[in-house]
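Notes for the one structure printed next.
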Amino acid sequence: LPIYKEYTAFWGMLAHRYADIPNKYLSFNLLVEPEIDGDEAYVSVFGPAVKETRAYSPQRCIIADIHDGRLTGSGAASLGVALSYHLYDPREFCVVDNFDTSYLKTVTWPYKDTKGKVWNAEAMMNSRLGDVQECILSLRGLKKVAEDNNVGFMIGEWGIFGSALGKLPTHTYDRGVVRDFYEDVIKTLDNNNIGWCITDWAGEYSVGVVSTYPAVDGVNYSKAEDSNLYIDVDMFKFFENLLK
């Protein structure tokens, strides 16, 4: 299809333009959370773009989001592409849509969902991807697919997010609960040799390290130098200590 030809040419253009920049500073993510009908279809759609990229930049780190329950990651991995998963399980906890203060105060980590399942980081590792029954892989399973194909694997996104009518909420989960969640997940991923990239460092739910304005009641903010952002001082110190 013409659109795939344009897509392939687009990646070839980027690969040619930035060929001299090492992987340490630049990697390519083929498409954010594609929905596609199986691994064979994945190779058909994205294979030409991978080939075109490597024609100009043979060693470029290329990453594939494994998002659709119909994918196992084996198709992408067969192209020599690293696998990535966006970890928002349990979704009830990670995607906030109830900003009632009385509800927010009841949320804890580990978290018990509406079906009675208790979640901690270990449960996240073993649950079917997206906590969808149709998915055949767990996080551990997807990591094994990457290992079996000698490609990298990472959590490309994870954290807590939500939107209170398009603005930052005044109230969020208790900061102790947020820190328990971060610490549990980070230590578990590190113990399993899984790299990660957090989403809510500056998220719209304002539970991360920086915020566009000092929104949340009771949080100690400091204005970032030469920036319009505000730093959550306690959360910054928490991450600084956790990542030493």
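Chain lettering (A, B, ...) mirrors the order of the structure tokens, residue numbering begins at 1 for each chain separately, and ligand numbering begins at 1 in order of display.
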Report as CSV: every residue of segment 16-117 of chain A with an atom at most 8 Å from segment 139-144 of chain A, its closest pair of atoms, and their distance in Å to one decimal, counting only C-alpha atoms, with rows sorted by chain and ascending residue number.
```
residue,atom,partner,partner_atom,distance
A:Thr72,CA,A:Leu142,CA,7.0
A:Gly73,CA,A:Leu142,CA,6.9
A:Tyr85,CA,A:Leu139,CA,8.0
```
Quick one: distance from atom CA of Tyr7 of chain A to atom CA of Ala41 of chain A in Å, one decimal?
->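 Between these atoms lies a distance of 15.4 Å.
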Atom CA of Thr108 of chain A and atom CA of Met124 of chain A are how many Å apart?
->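 Atom CA of Met124 of chain A lies at a distance of 15.5 Å from atom CA of Thr108 of chain A.
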One-decimal distance in Å that lies between atom CA of Tyr173 of chain A and atom CA of Val96 of chain A = 9.5 Å
Residue contacts of Ser211 of chain A (10 Å, only C-alpha atoms) excluding same-chain residues fewer than 2 positions away, as a compact mmCIF listing (two decimals) with all heavy atoms, in the first residue's frame:
```txt
# COMPACT_ATOMS: atom_id res chain seq x y z
N LEU A 168 -4.52 19.68 36.29
CA LEU A 168 -3.90 18.86 37.33
C LEU A 168 -4.79 18.83 38.56
O LEU A 168 -5.32 19.86 38.98
CB LEU A 168 -2.53 19.43 37.69
CG LEU A 168 -1.47 19.40 36.59
CD1 LEU A 168 -0.19 20.03 37.10
CD2 LEU A 168 -1.22 17.99 36.11
N ASP A 200 5.36 8.94 34.12
CA ASP A 200 4.79 10.02 34.93
C ASP A 200 5.85 10.81 35.70
O ASP A 200 5.56 11.38 36.75
CB ASP A 200 3.72 9.48 35.88
CG ASP A 200 4.24 8.38 36.79
OD1 ASP A 200 5.45 8.11 36.76
OD2 ASP A 200 3.43 7.79 37.52
N TRP A 201 7.06 10.85 35.18
CA TRP A 201 8.07 11.75 35.74
C TRP A 201 7.51 13.17 35.77
O TRP A 201 7.73 13.92 36.72
CB TRP A 201 9.33 11.68 34.89
CG TRP A 201 10.51 12.44 35.41
CD1 TRP A 201 10.89 13.70 35.05
CD2 TRP A 201 11.46 11.99 36.39
NE1 TRP A 201 12.03 14.08 35.72
CE2 TRP A 201 12.41 13.03 36.56
CE3 TRP A 201 11.62 10.82 37.11
CZ2 TRP A 201 13.48 12.93 37.44
CZ3 TRP A 201 12.70 10.73 37.99
CH2 TRP A 201 13.61 11.77 38.15
N ALA A 202 6.79 13.51 34.72
CA ALA A 202 6.12 14.81 34.66
C ALA A 202 4.71 14.60 34.13
O ALA A 202 4.30 15.21 33.16
CB ALA A 202 6.89 15.78 33.78
N GLY A 203 3.98 13.69 34.75
CA GLY A 203 2.68 13.29 34.24
C GLY A 203 1.56 14.25 34.58
O GLY A 203 1.66 15.06 35.49
N GLU A 204 0.47 14.11 33.83
CA GLU A 204 -0.66 15.01 34.03
C GLU A 204 -1.38 14.74 35.35
O GLU A 204 -2.12 15.58 35.83
CB GLU A 204 -1.64 14.87 32.86
CG GLU A 204 -2.23 13.49 32.72
CD GLU A 204 -3.21 13.38 31.56
OE1 GLU A 204 -3.51 14.40 30.94
OE2 GLU A 204 -3.67 12.27 31.30
N TYR A 205 -1.16 13.56 35.94
CA TYR A 205 -1.76 13.27 37.24
C TYR A 205 -0.94 13.88 38.37
O TYR A 205 -1.37 13.93 39.51
CB TYR A 205 -1.89 11.75 37.41
CG TYR A 205 -2.58 11.32 38.67
CD1 TYR A 205 -3.75 11.94 39.10
CD2 TYR A 205 -2.07 10.28 39.44
CE1 TYR A 205 -4.39 11.55 40.27
CE2 TYR A 205 -2.70 9.87 40.59
CZ TYR A 205 -3.85 10.51 41.01
OH TYR A 205 -4.48 10.11 42.16
N SER A 206 0.25 14.35 38.06
CA SER A 206 1.08 15.09 39.01
C SER A 206 1.49 14.26 40.22
O SER A 206 1.45 14.72 41.35
CB SER A 206 0.36 16.36 39.48
OG SER A 206 1.25 17.25 40.11
N VAL A 207 1.90 13.01 39.95
CA VAL A 207 2.46 12.18 41.03
C VAL A 207 3.95 11.97 40.84
O VAL A 207 4.59 11.31 41.65
CB VAL A 207 1.76 10.80 41.12
CG1 VAL A 207 0.31 10.96 41.47
CG2 VAL A 207 1.92 10.02 39.82
N GLY A 208 4.50 12.53 39.77
CA GLY A 208 5.91 12.33 39.48
C GLY A 208 6.79 13.38 40.12
O GLY A 208 6.41 14.03 41.12
N VAL A 209 7.96 13.59 39.55
CA VAL A 209 8.96 14.46 40.15
C VAL A 209 8.73 15.92 39.80
O VAL A 209 8.98 16.81 40.62
CB VAL A 209 10.37 14.02 39.70
CG1 VAL A 209 11.43 14.99 40.19
CG2 VAL A 209 10.66 12.61 40.22
N TYR A 213 2.79 23.20 37.31
CA TYR A 213 2.54 24.23 38.33
C TYR A 213 2.31 23.52 39.67
O TYR A 213 2.01 22.31 39.70
CB TYR A 213 1.35 25.13 37.97
CG TYR A 213 0.03 24.42 37.72
CD1 TYR A 213 -0.88 24.23 38.76
CD2 TYR A 213 -0.32 23.99 36.45
CE1 TYR A 213 -2.10 23.60 38.53
CE2 TYR A 213 -1.54 23.36 36.21
CZ TYR A 213 -2.42 23.19 37.25
OH TYR A 213 -3.63 22.56 37.02
N PRO A 214 2.47 24.22 40.79
CA PRO A 214 2.35 23.55 42.11
C PRO A 214 0.90 23.24 42.44
O PRO A 214 0.24 23.96 43.19
CB PRO A 214 2.95 24.59 43.07
CG PRO A 214 2.78 25.89 42.38
CD PRO A 214 2.88 25.63 40.91
N ALA A 215 0.42 22.12 41.93
CA ALA A 215 -1.01 21.83 41.95
C ALA A 215 -1.49 21.13 43.22
O ALA A 215 -2.56 21.45 43.75
CB ALA A 215 -1.38 20.97 40.74
N VAL A 216 -0.73 20.16 43.71
CA VAL A 216 -1.25 19.24 44.72
C VAL A 216 -1.09 19.81 46.12
O VAL A 216 -0.01 20.26 46.51
CB VAL A 216 -0.51 17.88 44.62
CG1 VAL A 216 -1.06 16.90 45.65
CG2 VAL A 216 -0.66 17.30 43.21
N TYR A 221 6.93 22.12 46.76
CA TYR A 221 7.46 22.34 45.42
C TYR A 221 8.60 23.36 45.44
O TYR A 221 8.62 24.27 46.26
CB TYR A 221 6.38 22.87 44.48
CG TYR A 221 5.32 21.88 44.10
CD1 TYR A 221 4.07 21.90 44.72
CD2 TYR A 221 5.53 20.94 43.10
CE1 TYR A 221 3.07 21.01 44.36
CE2 TYR A 221 4.54 20.04 42.73
CZ TYR A 221 3.31 20.08 43.37
OH TYR A 221 2.33 19.19 43.00
N LYS A 223 10.68 25.76 42.46
CA LYS A 223 10.72 26.18 41.04
C LYS A 223 12.05 25.75 40.43
O LYS A 223 13.13 26.00 40.97
CB LYS A 223 10.59 27.70 40.96
CG LYS A 223 10.56 28.26 39.54
CD LYS A 223 9.22 28.00 38.89
CE LYS A 223 9.01 28.90 37.66
NZ LYS A 223 10.04 28.79 36.64
N ALA A 224 11.97 25.05 39.29
CA ALA A 224 13.17 24.61 38.59
C ALA A 224 13.87 25.80 37.96
O ALA A 224 13.22 26.68 37.39
CB ALA A 224 12.82 23.58 37.53
N ASN A 228 9.91 26.50 33.38
CA ASN A 228 8.58 26.79 33.91
C ASN A 228 8.03 25.65 34.75
O ASN A 228 6.86 25.66 35.12
CB ASN A 228 7.61 27.10 32.76
CG ASN A 228 7.40 25.89 31.85
OD1 ASN A 228 8.20 24.96 31.86
ND2 ASN A 228 6.35 25.92 31.06
N LEU A 229 8.88 24.65 35.05
CA LEU A 229 8.44 23.49 35.80
C LEU A 229 8.73 23.64 37.29
O LEU A 229 9.60 24.41 37.70
CB LEU A 229 9.14 22.23 35.28
CG LEU A 229 8.85 21.85 33.83
CD1 LEU A 229 9.71 20.66 33.42
CD2 LEU A 229 7.37 21.54 33.63
N TYR A 230 7.95 22.88 38.09
CA TYR A 230 8.11 22.86 39.54
C TYR A 230 8.51 21.45 39.97
O TYR A 230 7.95 20.46 39.49
CB TYR A 230 6.82 23.29 40.23
CG TYR A 230 6.53 24.76 40.08
CD1 TYR A 230 5.96 25.25 38.90
CD2 TYR A 230 6.83 25.67 41.09
CE1 TYR A 230 5.69 26.60 38.74
CE2 TYR A 230 6.57 27.03 40.94
CZ TYR A 230 6.00 27.48 39.77
OH TYR A 230 5.75 28.83 39.62
N ILE A 231 9.45 21.36 40.87
CA ILE A 231 9.96 20.07 41.35
C ILE A 231 9.29 19.71 42.67
O ILE A 231 9.22 20.53 43.59
CB ILE A 231 11.48 20.13 41.55
CG1 ILE A 231 12.18 20.46 40.24
CG2 ILE A 231 12.02 18.82 42.12
CD1 ILE A 231 13.66 20.77 40.39
N ASP A 232 8.78 18.48 42.74
CA ASP A 232 8.31 17.93 44.01
C ASP A 232 9.56 17.52 44.78
O ASP A 232 10.19 16.50 44.48
CB ASP A 232 7.41 16.72 43.73
CG ASP A 232 6.88 16.05 44.98
OD1 ASP A 232 7.55 16.13 46.04
OD2 ASP A 232 5.81 15.42 44.90
```
Residue nearest Arg54 of chain A among A:Met13, A:Leu189, A:Leu83, A:Ala123 (counting only C-alpha atoms) | A:Met13
Neighbours of Ile155 of chain A within 8 Å (only C-alpha atoms; same-chain residues fewer than 4 positions away dropped), as a VMD selection string?
-> chain A and resid 84 to 87 194 to 197
Looking at only C-alpha atoms, which of A:Gly152, A:Gly218, A:Gly159, A:Pro22 is the one that sits closest to Arg60 of chain A?
->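 Between A:Gly152, A:Gly218, A:Gly159, A:Pro22, the residue approaching Arg60 of chain A most closely is A:Pro22.
Closest to Asn23 of chain A among A:Ser78, A:Thr114, A:Asn193, A:Gln59 is A:Gln59, based on only C-alpha atoms.
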Restricting to only C-alpha atoms, whichever of A:Tyr182, A:Phe236, A:Tyr88, A:Phe46 is closest to Leu129 of chain A is A:Tyr88
